[in-house]
Amino acid sequence: MKRPRVLLADDHTLVMDGLRRILEPECEVVGAVEDGRSLLAAAEELKPDIILLDISMPLLNGVDAARRLHDTVPSAKVIFVTCTRDATYVTRGLSRGSVRLRLEAVRLDGVAERRPRGT
């Protein structure tokens with residue numbers, strides 16, 4: 001079975017290092033970038049299966065990057081990683097674009113909440 005190819009995008013090195021350690025046993029981490037513009041370039045070059053990205057990044061935020069990724073690598077699945085507890089921040093940002101969203105938020109205390117949304 002082929003391991004999924006994952007691209008990480010977060011401006012916090014500690015977060016990226018942690019995600020890499022968690023994912024590497026099951027996934028092939030093909031790259032890691034620290035800003036939205038670098039994410040677009042890396043995604044186009046690497047063609048990952050999955051992109052984990054922070055909503056709040058320098059040069060281009062994660063919401064705007066996700067909109068552009070939809071055109072660049074349409075087959076890639078995008079997973080937002082954020083510290084915010086406010087799901088409306090993500091849904092409001094994406095509802096303005098043409099990106100379809102299924103949001104799954106998992107709080108750090110282990111309680112999962114699921115809110116399907118679509119545009």
# chains A, B, ... in the order shown; residues from 1 in each chain; ligands from 1

$ closest_atom_pairs --of "region 1-21 of chain A" --to "region 30-41 of chain A" --cutoff "9 Å" --atoms "only C-alpha atoms" --output "CSV"
residue,atom,partner,partner_atom,distance
A:Arg5,CA,A:Val30,CA,6.1
A:Val6,CA,A:Val30,CA,5.7
A:Leu7,CA,A:Gly31,CA,5.0
A:Leu8,CA,A:Ala32,CA,4.6
A:Ala9,CA,A:Val33,CA,4.9
A:Asp10,CA,A:Glu34,CA,5.0
A:Asp11,CA,A:Glu34,CA,4.3
A:His12,CA,A:Glu34,CA,7.3
A:Thr13,CA,A:Glu34,CA,8.0
A:Met16,CA,A:Ala32,CA,7.3
A:Arg20,CA,A:Ala32,CA,8.9

$ atom_distance --atom1 "CA of Met57 (chain A)" --atom2 "CA of Arg3 (chain A)"
27.1 Å

$ closest_residue --among "A:Met1, A:Leu19, A:Ala43, A:Cys27" --to "Val81 (chain A)" --atoms "only C-alpha atoms"
A:Leu19

$ atom_distance --atom1 "CA of Asp17 (chain A)" --atom2 "CA of Leu69 (chain A)"
22.9 Å

$ select_by_dssp --residues "region 5-90 of chain A" --states "helix (DSSP H, G or I)" --output "NGL selection string"
:A and (13-23 or 36-46 or 62-72 or 87-90)

$ atom_distance --atom1 "CA of Ile55 (chain A)" --atom2 "CA of Gly18 (chain A)"
17.1 Å

$ residues_around --residues "Lys47 (chain A)" --least-positions-apart "4" --cutoff "8 Å" --atoms "only C-alpha atoms" --output "list in words"
Ala42, Ala43, Val73 and Ala76 of chain A

$ closest_residue --among "A:Leu60, A:Lys77, A:Leu53, A:Ala66" --to "Pro4 (chain A)" --atoms "only C-alpha atoms"
A:Lys77
